[in-house]
$ cat input.txt   # compact mmCIF, C-alpha atoms and all ligand atoms
# COMPACT_ATOMS: atom_id res chain seq x y z
CA MET A 1 92.36 -36.94 62.14
CA THR A 2 89.39 -36.07 64.33
CA TRP A 3 89.11 -32.90 66.35
CA ALA A 4 87.11 -34.75 69.01
CA PRO A 5 89.08 -35.68 72.15
CA ILE A 6 89.47 -39.46 72.57
CA PRO A 7 91.15 -40.71 75.77
CA SER A 8 93.91 -43.27 75.26
CA GLY A 9 92.51 -46.82 75.26
CA SER A 10 88.91 -45.70 74.84
CA PRO A 11 86.79 -48.32 73.04
CA PHE A 12 84.85 -45.43 71.46
CA SER A 13 87.34 -44.58 68.72
CA MET A 14 86.68 -43.32 65.20
CA ALA A 15 86.66 -47.00 64.14
CA ASN A 16 83.67 -47.63 66.41
CA LEU A 17 81.15 -44.75 66.35
CA PRO A 18 78.33 -46.71 68.03
CA PHE A 19 74.77 -45.39 68.25
CA GLY A 20 72.92 -44.71 71.49
CA VAL A 21 70.11 -42.66 72.98
CA VAL A 22 70.68 -40.07 75.70
CA ARG A 23 68.71 -37.35 77.46
CA TYR A 24 69.92 -34.06 78.87
CA GLY A 25 68.07 -31.81 81.23
CA GLY A 26 67.61 -28.27 79.92
CA SER A 27 65.51 -25.13 80.01
CA ASP A 28 63.10 -26.68 77.49
CA GLY A 29 62.90 -29.94 79.46
CA PRO A 30 64.67 -33.26 78.95
CA ARG A 31 64.81 -34.28 75.30
CA PRO A 32 65.86 -37.80 74.24
CA MET A 33 68.07 -37.89 71.18
CA VAL A 34 69.91 -40.38 69.02
CA VAL A 35 73.65 -39.83 69.22
CA VAL A 36 76.95 -41.32 68.14
CA ARG A 37 79.48 -41.89 70.89
CA ILE A 38 83.07 -40.66 70.47
CA GLY A 39 85.49 -40.95 73.40
CA ASP A 40 83.80 -39.57 76.52
CA HIS A 41 81.38 -37.45 74.46
CA VAL A 42 78.41 -37.88 72.16
CA LEU A 43 77.83 -36.21 68.84
CA ASP A 44 74.37 -34.58 68.71
CA LEU A 45 73.29 -35.79 65.28
CA ALA A 46 70.21 -33.60 65.02
CA ALA A 47 72.21 -30.49 65.97
CA ALA A 48 74.67 -31.41 63.23
CA GLY A 49 71.74 -31.59 60.80
CA ILE A 50 72.13 -35.33 60.20
CA GLU A 51 68.73 -36.79 59.29
CA PRO A 52 66.73 -35.22 62.15
CA ALA A 53 63.64 -37.20 61.12
CA LEU A 54 65.50 -40.30 62.28
CA THR A 55 67.72 -38.83 65.01
CA GLU A 56 65.30 -36.60 66.94
CA ARG A 57 63.89 -39.77 68.43
CA ALA A 58 63.64 -41.55 71.77
CA THR A 59 64.84 -44.90 70.35
CA LEU A 60 66.96 -46.19 67.47
CA ASN A 61 64.07 -48.15 65.98
CA ALA A 62 63.19 -45.73 63.15
CA LEU A 63 66.84 -45.45 62.18
CA MET A 64 67.26 -49.23 62.33
CA THR A 65 64.17 -49.80 60.17
CA SER A 66 65.22 -47.20 57.60
CA GLY A 67 68.40 -48.89 56.42
CA ARG A 68 70.09 -45.47 56.77
CA GLY A 69 72.32 -46.48 59.72
CA ALA A 70 75.51 -46.98 57.72
CA ALA A 71 75.05 -43.66 55.88
CA ILE A 72 74.32 -41.76 59.10
CA ARG A 73 77.34 -43.28 60.83
CA ALA A 74 79.52 -42.41 57.83
CA ARG A 75 78.21 -38.82 57.89
CA ALA A 76 78.96 -38.60 61.63
CA GLY A 77 82.52 -39.69 60.87
CA GLU A 78 82.85 -36.95 58.24
CA VAL A 79 81.59 -34.34 60.71
CA LEU A 80 84.11 -35.51 63.30
CA GLU A 81 86.91 -35.18 60.74
CA GLY A 82 85.67 -31.87 59.31
CA PRO A 83 85.75 -28.35 60.74
CA GLU A 84 85.75 -28.34 64.53
CA ARG A 85 82.27 -27.92 66.06
CA VAL A 86 82.61 -28.47 69.80
CA ASP A 87 79.06 -27.16 70.25
CA TRP A 88 77.82 -30.40 68.68
CA LEU A 89 79.63 -32.52 71.30
CA ARG A 90 78.25 -33.11 74.78
CA PRO A 91 79.86 -35.01 77.67
CA VAL A 92 78.42 -38.45 78.38
CA ALA A 93 78.91 -37.78 82.08
CA ASP A 94 76.13 -35.15 82.01
CA ALA A 95 73.66 -37.39 80.16
CA GLU A 96 71.04 -39.85 81.22
CA VAL A 97 71.94 -42.82 79.02
CA LEU A 98 68.75 -44.59 77.95
CA LEU A 99 67.76 -48.01 76.67
CA PRO A 100 68.68 -47.55 72.99
CA VAL A 101 65.99 -49.74 71.43
CA ALA A 102 62.35 -50.60 71.97
CA VAL A 103 62.97 -54.35 71.87
CA GLY A 104 60.61 -56.37 69.68
CA ASP A 105 60.88 -60.12 69.86
CA TYR A 106 63.64 -61.49 72.06
CA VAL A 107 65.14 -64.97 71.67
CA ASP A 108 67.95 -66.29 73.84
CA PHE A 109 70.20 -69.08 72.57
CA TYR A 110 72.45 -71.65 74.22
CA SER A 111 75.31 -71.79 71.73
CA SER A 112 78.54 -72.23 73.70
CA LEU A 113 79.67 -75.85 73.67
CA ASP A 114 81.55 -75.38 76.94
CA HIS A 115 78.60 -73.66 78.68
CA ALA A 116 76.06 -76.23 77.51
CA THR A 117 78.39 -79.07 78.55
CA ASN A 118 79.00 -77.52 81.97
CA LEU A 119 75.27 -76.92 82.60
CA GLY A 120 74.43 -80.45 81.46
CA ARG A 121 76.95 -81.87 83.91
CA ILE A 122 75.67 -79.71 86.76
CA LEU A 123 71.90 -80.04 86.20
CA ARG A 124 71.70 -83.59 84.77
CA PRO A 125 74.78 -85.35 86.19
CA HIS A 126 73.56 -88.84 85.31
CA ASP A 127 72.91 -88.13 81.62
CA GLU A 128 75.01 -87.21 78.60
CA PRO A 129 75.71 -83.49 79.12
CA LEU A 130 74.66 -82.55 75.58
CA LEU A 131 71.23 -83.68 74.38
CA PRO A 132 71.21 -85.19 70.85
CA ASN A 133 69.69 -82.12 69.18
CA TRP A 134 72.37 -79.71 70.47
CA ARG A 135 74.88 -80.20 67.64
CA GLN A 136 72.13 -80.15 64.99
CA LEU A 137 70.41 -76.83 65.73
CA PRO A 138 71.02 -73.71 67.83
CA VAL A 139 68.82 -74.40 70.85
CA GLY A 140 66.93 -71.32 72.08
CA TYR A 141 63.78 -70.06 73.78
CA HIS A 142 61.69 -66.91 73.60
CA GLY A 143 62.50 -64.44 76.36
CA ARG A 144 60.67 -61.41 77.69
CA ALA A 145 61.34 -58.28 75.62
CA GLY A 146 59.52 -55.94 78.03
CA THR A 147 62.03 -56.46 80.84
CA VAL A 148 65.14 -55.75 78.80
CA ALA A 149 66.75 -52.79 80.59
CA VAL A 150 69.80 -50.63 80.09
CA SER A 151 73.09 -50.95 81.96
CA GLY A 152 72.94 -49.48 85.45
CA THR A 153 69.33 -50.45 86.15
CA PRO A 154 69.15 -52.00 89.66
CA VAL A 155 68.58 -55.75 89.76
CA ILE A 156 65.65 -56.71 91.98
CA ARG A 157 66.07 -60.20 93.42
CA PRO A 158 63.08 -62.16 92.03
CA ASP A 159 60.59 -64.37 93.85
CA GLY A 160 59.57 -67.75 92.50
CA LEU A 161 58.72 -71.29 93.52
CA VAL A 162 61.82 -72.95 94.93
CA ALA A 163 61.73 -76.66 95.72
CA GLY A 164 62.41 -77.66 99.32
CA ALA A 165 63.91 -80.96 100.41
CA ASP A 166 60.39 -82.44 100.22
CA GLY A 167 60.18 -81.49 96.54
CA VAL A 168 57.39 -78.98 97.19
CA GLY A 169 57.82 -75.53 95.60
CA ARG A 170 57.42 -72.54 97.92
CA LEU A 171 57.35 -68.89 96.89
CA GLU A 172 60.51 -67.17 98.11
CA PRO A 173 63.26 -64.83 96.91
CA THR A 174 65.90 -66.63 94.90
CA ALA A 175 68.95 -67.70 96.87
CA ALA A 176 70.82 -68.46 93.64
CA LEU A 177 70.91 -65.19 91.70
CA ASP A 178 73.35 -65.43 88.80
CA PHE A 179 74.66 -63.51 85.80
CA GLU A 180 75.16 -64.82 82.27
CA LEU A 181 77.81 -63.25 80.04
CA GLU A 182 76.31 -62.91 76.56
CA VAL A 183 76.42 -60.87 73.39
CA GLY A 184 73.13 -59.52 72.07
CA PHE A 185 72.46 -58.92 68.37
CA LEU A 186 69.90 -56.36 67.18
CA VAL A 187 68.01 -56.73 63.92
CA GLY A 188 67.57 -53.85 61.47
CA GLY A 189 65.97 -53.28 58.07
CA PRO A 190 62.61 -54.38 56.75
CA ARG A 191 60.73 -57.41 58.06
CA ALA A 192 62.30 -60.59 56.70
CA SER A 193 61.99 -64.35 56.83
CA ARG A 194 64.07 -67.39 55.84
CA ILE A 195 67.32 -65.45 56.10
CA ALA A 196 70.35 -67.35 54.81
CA PRO A 197 73.32 -67.34 57.22
CA ASP A 198 75.58 -65.68 54.66
CA SER A 199 73.26 -62.69 54.33
CA ALA A 200 73.10 -62.09 58.10
CA ASP A 201 75.03 -58.83 57.81
CA ARG A 202 72.18 -57.36 55.75
CA HIS A 203 69.77 -57.99 58.63
CA VAL A 204 71.86 -57.47 61.78
CA PHE A 205 72.12 -53.81 62.73
CA GLY A 206 74.68 -54.25 65.47
CA ALA A 207 75.64 -55.79 68.78
CA VAL A 208 75.58 -55.05 72.50
CA LEU A 209 76.76 -56.85 75.61
CA LEU A 210 73.94 -58.71 77.34
CA ASN A 211 73.56 -59.97 80.91
CA ASP A 212 70.87 -62.64 81.15
CA TRP A 213 70.24 -62.44 84.91
CA SER A 214 69.13 -65.86 86.14
CA ALA A 215 67.66 -67.41 89.29
CA ARG A 216 69.07 -70.93 89.37
CA ASP A 217 66.84 -72.38 92.11
CA ILE A 218 63.68 -71.10 90.41
CA GLN A 219 65.05 -72.37 87.08
CA ALA A 220 65.80 -75.85 88.47
CA PHE A 221 62.16 -76.30 89.59
CA GLU A 222 60.41 -74.85 86.51
CA TYR A 223 62.55 -75.61 83.47
CA GLN A 224 61.40 -79.10 82.48
CA PRO A 225 59.84 -79.82 80.02
CA LEU A 226 59.44 -76.38 78.39
CA GLY A 227 62.55 -74.43 79.43
CA PRO A 228 63.23 -71.39 81.57
CA ASN A 229 60.50 -68.85 82.26
CA LEU A 230 60.39 -66.79 85.48
CA ALA A 231 64.01 -67.69 86.25
CA LYS A 232 65.04 -65.42 83.37
CA SER A 233 62.15 -63.08 82.59
CA PHE A 234 62.52 -60.73 85.58
CA MET A 235 65.32 -58.77 83.90
CA THR A 236 67.88 -58.77 81.10
CA THR A 237 70.33 -55.87 80.81
CA ILE A 238 72.16 -54.64 77.73
CA SER A 239 74.99 -52.17 77.20
CA PRO A 240 73.79 -48.78 75.90
CA TRP A 241 76.10 -48.32 72.85
CA VAL A 242 75.14 -50.33 69.79
CA VAL A 243 78.30 -51.33 67.90
CA THR A 244 77.21 -51.44 64.27
CA MET A 245 77.72 -54.25 61.80
CA ASP A 246 80.14 -52.03 59.86
CA ALA A 247 82.27 -51.50 62.98
CA LEU A 248 82.45 -55.18 63.91
CA ARG A 249 82.91 -56.51 60.36
CA PRO A 250 86.77 -56.27 60.52
CA PHE A 251 86.69 -58.65 63.49
CA LEU A 252 84.75 -61.49 61.87
CA VAL A 253 86.79 -64.71 62.03
CA GLU A 254 86.31 -68.38 61.24
CA SER A 255 84.03 -70.02 63.78
CA SER A 256 84.39 -73.41 65.46
CA LEU A 257 84.38 -76.56 63.37
CA GLN A 258 80.86 -78.01 63.41
CA GLU A 259 80.53 -81.79 63.57
CA PRO A 260 78.26 -83.17 62.23
CA THR A 261 77.87 -80.81 59.27
CA PRO A 262 74.65 -78.87 59.89
CA ASP A 263 71.56 -79.06 57.71
CA PRO A 264 71.93 -76.98 54.51
CA TYR A 265 69.80 -74.11 55.86
CA LEU A 266 72.44 -73.58 58.59
CA ARG A 267 75.55 -73.87 56.39
CA MET A 268 77.85 -70.86 55.98
CA GLU A 269 80.56 -70.01 53.47
CA ARG A 270 81.63 -66.75 55.10
CA PRO A 271 83.31 -66.37 58.52
CA TRP A 272 80.79 -65.45 61.22
CA GLY A 273 82.82 -65.95 64.38
CA LEU A 274 83.91 -62.82 66.25
CA ASP A 275 87.28 -62.04 67.81
CA LEU A 276 85.76 -60.43 70.87
CA SER A 277 87.57 -60.57 74.22
CA LEU A 278 85.13 -60.64 77.12
CA GLN A 279 85.58 -60.04 80.83
CA VAL A 280 83.39 -60.18 83.93
CA ASP A 281 84.24 -58.36 87.16
CA LEU A 282 82.46 -59.06 90.45
CA ASN A 283 82.79 -56.12 92.83
CA GLY A 284 85.78 -54.92 90.83
CA GLN A 285 87.59 -58.26 90.81
CA THR A 286 87.94 -60.07 87.49
CA VAL A 287 86.35 -63.53 87.73
CA THR A 288 86.10 -64.47 84.03
CA THR A 289 88.02 -63.74 80.84
CA THR A 290 87.20 -65.50 77.60
CA ASN A 291 86.74 -64.92 73.87
CA PHE A 292 83.63 -65.10 71.70
CA ASP A 293 85.48 -66.80 68.82
CA ARG A 294 84.91 -70.27 70.29
CA MET A 295 81.11 -70.08 70.20
CA TYR A 296 79.78 -73.17 68.42
CA TRP A 297 76.73 -71.64 66.69
CA THR A 298 77.20 -68.20 65.10
CA PHE A 299 74.80 -65.26 65.17
CA ALA A 300 74.30 -65.78 61.42
CA GLN A 301 73.07 -69.32 62.05
CA GLN A 302 70.91 -68.21 64.97
CA LEU A 303 69.13 -65.70 62.72
CA ALA A 304 68.73 -68.29 59.96
CA HIS A 305 67.31 -70.77 62.45
CA THR A 306 64.87 -68.24 63.93
CA THR A 307 63.34 -67.54 60.52
CA ILE A 308 63.51 -70.89 58.68
CA ASN A 309 59.94 -71.80 59.70
CA GLY A 310 58.53 -68.65 58.10
CA ALA A 311 58.64 -66.53 61.25
CA THR A 312 59.47 -62.94 60.40
CA THR A 313 61.96 -60.77 62.20
CA GLY A 314 62.00 -56.99 62.24
CA ALA A 315 63.97 -53.98 63.37
CA GLY A 316 64.40 -53.92 67.13
CA ASP A 317 64.34 -57.67 67.56
CA LEU A 318 67.05 -58.93 69.91
CA PHE A 319 68.72 -62.30 70.08
CA GLY A 320 71.18 -63.38 72.73
CA SER A 321 74.18 -65.58 71.96
CA GLY A 322 73.78 -67.72 75.04
CA THR A 323 76.26 -67.68 77.89
CA VAL A 324 79.83 -67.41 76.63
CA SER A 325 82.13 -69.88 78.36
CA GLY A 326 85.50 -71.25 77.33
CA PRO A 327 87.17 -74.58 78.07
CA THR A 328 89.13 -73.60 81.19
CA SER A 329 87.80 -72.92 84.67
CA ASP A 330 88.55 -69.17 84.54
CA GLU A 331 86.57 -68.78 81.28
CA ARG A 332 83.16 -69.58 82.70
CA GLY A 333 80.46 -67.03 81.96
CA SER A 334 78.17 -67.63 84.96
CA MET A 335 78.39 -68.15 88.71
CA ILE A 336 76.78 -71.61 88.50
CA GLU A 337 79.74 -72.72 86.40
CA LEU A 338 82.42 -70.75 88.25
CA THR A 339 81.37 -72.26 91.62
CA TRP A 340 79.97 -75.49 90.17
CA ARG A 341 76.57 -74.70 91.72
CA GLY A 342 78.16 -73.65 95.00
CA ALA A 343 80.46 -76.67 95.45
CA HIS A 344 83.54 -74.45 95.03
CA PRO A 345 82.65 -70.90 96.16
CA LEU A 346 84.64 -67.95 94.85
CA THR A 347 86.78 -66.09 97.39
CA LEU A 348 86.83 -62.34 96.82
CA ALA A 349 89.60 -59.91 97.72
CA ASP A 350 87.82 -58.88 100.94
CA GLY A 351 87.89 -62.51 102.12
CA SER A 352 84.16 -63.07 101.62
CA THR A 353 82.92 -65.99 99.53
CA ARG A 354 80.22 -66.30 96.90
CA SER A 355 78.29 -69.28 95.59
CA PHE A 356 75.83 -66.90 93.95
CA LEU A 357 75.28 -63.14 94.01
CA HIS A 358 74.66 -61.29 97.28
CA ASP A 359 72.68 -58.09 97.72
CA ARG A 360 74.70 -55.00 96.73
CA ASP A 361 77.08 -57.07 94.53
CA THR A 362 78.03 -55.35 91.29
CA VAL A 363 78.64 -57.29 88.07
CA THR A 364 80.53 -55.48 85.30
CA MET A 365 80.96 -56.92 81.82
CA ARG A 366 83.32 -55.59 79.15
CA GLY A 367 84.11 -56.59 75.58
CA PHE A 368 86.82 -55.49 73.13
CA PHE A 369 87.13 -56.55 69.50
CA GLY A 370 90.31 -57.72 67.82
CA GLU A 371 92.51 -58.06 70.92
CA LYS A 372 93.32 -61.70 70.21
CA ALA A 373 94.68 -60.74 66.80
CA GLY A 374 96.96 -58.22 68.48
CA GLY A 375 94.64 -55.25 68.83
CA ARG A 376 94.52 -52.06 66.78
CA ASN A 377 95.46 -48.46 67.26
CA GLU A 378 91.79 -47.57 67.24
CA ARG A 379 90.07 -49.66 69.86
CA VAL A 380 86.53 -50.95 69.36
CA GLY A 381 84.41 -52.17 72.26
CA PHE A 382 81.10 -51.86 74.09
CA GLY A 383 82.03 -49.97 77.23
CA ASP A 384 80.79 -51.28 80.59
CA LEU A 385 77.60 -53.24 81.17
CA ILE A 386 76.94 -52.75 84.88
CA GLY A 387 74.35 -54.18 87.23
CA THR A 388 74.08 -53.97 91.01
CA VAL A 389 71.83 -56.25 93.04
CA ALA A 390 69.46 -54.11 95.06
CA ALA A 391 69.46 -54.45 98.83
CA SER A 392 66.40 -56.50 99.81
CA ASP A 393 65.40 -54.12 102.62
CA VAL A 394 65.16 -51.22 100.14
CA VAL A 395 62.94 -53.27 97.83
CA ALA A 396 60.75 -54.57 100.69
CA HIS A 397 59.98 -51.04 101.89
CA SER A 398 58.81 -49.80 98.51
CA THR A 399 55.05 -49.73 97.94
CA SER A 400 55.31 -51.17 94.46
CA GLY A 401 57.94 -52.51 92.13
CA LYS A 402 57.84 -49.36 90.02
CA ALA A 403 58.19 -47.09 93.06
CA GLY A 404 61.01 -49.30 94.29
CA ARG A 405 62.83 -49.04 91.01
CA ALA A 406 62.36 -45.28 90.97
CA ALA A 407 63.68 -45.02 94.53
CA LEU A 408 66.68 -47.14 93.65
CA SER A 409 67.53 -45.07 90.61
CA ARG A 410 67.85 -41.90 92.66
CA CA B 1 71.07 -67.16 78.67
$ encode --input "input.txt" --output "structure tokens"
Amino acid sequence: MTWAPIPSGSPFSMANLPFGVVRYGGSDGPRPMVVVRIGDHVLDLAAAGIEPALTERATLNALMTSGRGAAIRARAGEVLEGPERVDWLRPVADAEVLLPVAVGDYVDFYSSLDHATNLGRILRPHDEPLLPNWRQLPVGYHGRAGTVAVSGTPVIRPDGLVAGADGVGRLEPTAALDFELEVGFLVGGPRASRIAPDSADRHVFGAVLLNDWSARDIQAFEYQPLGPNLAKSFMTTISPWVVTMDALRPFLVESSLQEPTPDPYLRMERPWGLDLSLQVDLNGQTVTTTNFDRMYWTFAQQLAHTTINGATTGAGDLFGSGTVSGPTSDERGSMIELTWRGAHPLTLADGSTRSFLHDRDTVTMRGFFGEKAGGRNERVGFGDLIGTVAASDVVAHSTSGKAGRAALSR
């Protein structure tokens, strides 16, 4: 029904049509533009005459604020089903795929029961793994919006104070670099406050995959009593294609039973779980497969919690689900859980072992909706979220972090 070519199995079907921002070189210089992805191509919305005031832009923020996203996506679908216009399609392979959103406020949650239980057991082995507040509110902390980067950005191993055997912190590069498999939700529409869970779909623009890169040794020394700071703030990466609320709505499912029943401001009548199959590959080898439908706190409750105190949220705000882990040992969404903080290192296909990430390691995350329910003819997913740990010698020889990043991106 569309004239656009879509490779078999592509997550970028007509049922998806996610938004992104790309840039092409050209005689008139590189020009960022808002596009809709279809198969291995993008539809140039401005060329197709679709709301150029919102689509001739370097980010999605104006479109997200406008409330016009659903109409623009619907119009893109009509164009792709109408008379063939191959001149409006461009190959993704020729594009520079950019960070789609200027991120406003960023909050990261901790909403997987299995992840929170695992981390409690690892970090506080003599206490109850879950603290008493965990089942009463979605625990979270404010992250650093300015270091959210797009898939493919090199990961620079961070420095921080790491405690030695004498308990004294010394500044050194982390020896415990980790990934966290998460889903990120992006807010759209006008500024709002005290959002009820059951109206979350009026305020959430869409979703991306999110990797909350973490330095576990830095985290262990700094996190009490106020939570993680430098162990997380050095970088967070997101996938470049924003799957809209309309595209993911068919995959909403009942979420986990919550016991005790939450406070009324967190109660939901509608289903806000997501049938979203997730996978993590380390250097091309799958190390984790799980599903988002077992998350304890839903994104609707996370948004309600963020705004119940009167705090406002606006277009471009990002909130992370928290690491997604399942109950079995091959469903763990971070290295610290997979290796139990190095007690059981992973063995990779080349015979090498990992407690945490080495330089030049590549972490790839993928997510597909609706696979648990049997899948659909038209696949919906995020595409790959990729990050490679930079080689330390390359970073050390750069004159500044920015120059180093520029060198690494070439
Ligand atoms: Ca996290």
$ residues_near_ligand --input "input.txt" --ligand "ligand CA 1 (chain B)" --cutoff "7 Å" --atoms "all atoms listed in the file" --output "list in words"
Asp108, Phe109, Tyr110, Glu180, Asp212, Gly322 and Thr323 of chain A
$ closest_residue --input "input.txt" --among "A:Val287, A:Val36, A:Ala373, A:Ala200" --to "Val243 (chain A)" --atoms "all atoms listed in the file"
A:Val36
$ atom_distance --input "input.txt" --atom1 "CA of Leu171 (chain A)" --atom2 "CA of Ile218 (chain A)"
9.3 Å
$ closest_atom_pairs --input "input.txt" --of "region 193-217 of chain A" --to "region 332-335 of chain A" --cutoff "12 Å" --atoms "all atoms listed in the file" --output "CSV"
residue,atom,partner,partner_atom,distance
A:Leu210,CA,A:Gly333,CA,11.5
A:Asn211,CA,A:Ser334,CA,9.8
A:Asp212,CA,A:Ser334,CA,9.6
A:Trp213,CA,A:Ser334,CA,9.5
A:Ser214,CA,A:Ser334,CA,9.3
A:Ala215,CA,A:Met335,CA,10.8
A:Arg216,CA,A:Met335,CA,9.7
$ axis_aligned_box --input "input.txt" --around "region 270-284 of chain A" --padding-each-side "5 Å" --output "AutoDock Vina command-line options"
--center_x 84.2 --center_y -60.8 --center_z 74.0 --size_x 16.8 --size_y 21.8 --size_z 47.7
$ atom_distance --input "input.txt" --atom1 "CA of Asn61 (chain A)" --atom2 "CA of Tyr265 (chain A)"
28.4 Å
$ atom_distance --input "input.txt" --atom1 "CA of Gly152 (chain A)" --atom2 "CA of Thr298 (chain A)"
28.0 Å
$ residues_around --input "input.txt" --residues "Val389 (chain A)" --least-positions-apart "3" --cutoff "6 Å" --atoms "all atoms listed in the file" --output "PyMOL selection string"
chain A and resi 155+359-361
$ write_last_selection --input "input.txt" --atoms "C-alpha atoms" --output "compact mmCIF listing (two decimals), in the frame of the given file"
# COMPACT_ATOMS: atom_id res chain seq x y z
CA VAL A 155 68.58 -55.75 89.76
CA ASP A 359 72.68 -58.09 97.72
CA ARG A 360 74.70 -55.00 96.73
CA ASP A 361 77.08 -57.07 94.53
$ closest_atom_pairs --input "input.txt" --of "region 128-246 of chain A" --to "region 68-71 of chain A" --cutoff "12 Å" --atoms "all atoms listed in the file" --output "CSV"
residue,atom,partner,partner_atom,distance
A:Val187,CA,A:Gly69,CA,11.9
A:Gly188,CA,A:Gly69,CA,8.9
A:Gly189,CA,A:Arg68,CA,8.9
A:Pro190,CA,A:Arg68,CA,11.6
A:Asp201,CA,A:Ala70,CA,11.9
A:Arg202,CA,A:Ala70,CA,11.1
A:His203,CA,A:Gly69,CA,11.8
A:Val204,CA,A:Gly69,CA,11.2
A:Phe205,CA,A:Gly69,CA,7.9
A:Gly206,CA,A:Gly69,CA,10.0
A:Val242,CA,A:Gly69,CA,11.1
A:Val243,CA,A:Gly69,CA,11.2
A:Thr244,CA,A:Ala70,CA,8.1
A:Met245,CA,A:Ala70,CA,8.6
A:Asp246,CA,A:Ala70,CA,7.2
$ closest_residue --input "input.txt" --among "A:Leu257, A:Met1, A:Ala311, A:Ala304" --to "Leu113 (chain A)" --atoms "all atoms listed in the file"
A:Leu257
$ closest_atom_pairs --input "input.txt" --of "region 306-341 of chain A" --to "region 45-60 of chain A" --cutoff "12 Å" --atoms "only C-alpha atoms" --output "JSON lines"
{"residue": "A:Ala315", "atom": "CA", "partner": "A:Leu60", "partner_atom": "CA", "distance": 9.3}
{"residue": "A:Gly316", "atom": "CA", "partner": "A:Leu60", "partner_atom": "CA", "distance": 8.1}
{"residue": "A:Asp317", "atom": "CA", "partner": "A:Leu60", "partner_atom": "CA", "distance": 11.8}
$ residues_near_point --input "input.txt" --point "(65.0, -66.0, 60.5)" --cutoff "7 Å" --atoms "only C-alpha atoms" --output "list in words"
Ser193, Arg194, Ile195, Leu303, Ala304, His305, Thr306, Thr307, Ile308, Ala311, Thr312 and Thr313 of chain A
$ residues_around --input "input.txt" --residues "Val42 (chain A)" --least-positions-apart "3" --cutoff "10 Å" --atoms "all atoms listed in the file" --output "list in words"
Ala4, Phe12, Leu17, Pro18, Phe19, Gly20, Val21, Val22, Val34, Val35, Val36, Arg37, Ile38, Gly39, Leu45, Trp88, Leu89, Arg90, Pro91, Val92, Ala93 and Ala95 of chain A
$ closest_residue --input "input.txt" --among "A:Pro262, A:Pro240, A:Gly120, A:Pro327" --to "Arg341 (chain A)" --atoms "only C-alpha atoms"
A:Gly120
$ closest_residue --input "input.txt" --among "A:Ser277, A:Thr353, A:Thr237, A:Ser13" --to "Glu331 (chain A)" --atoms "only C-alpha atoms"
A:Ser277
$ residues_around --input "input.txt" --residues "Val324 (chain A)" --least-positions-apart "4" --cutoff "8 Å" --atoms "all atoms listed in the file" --output "ChimeraX atom specification"
/A:111-112,115,180-182,290-292,295,332-333
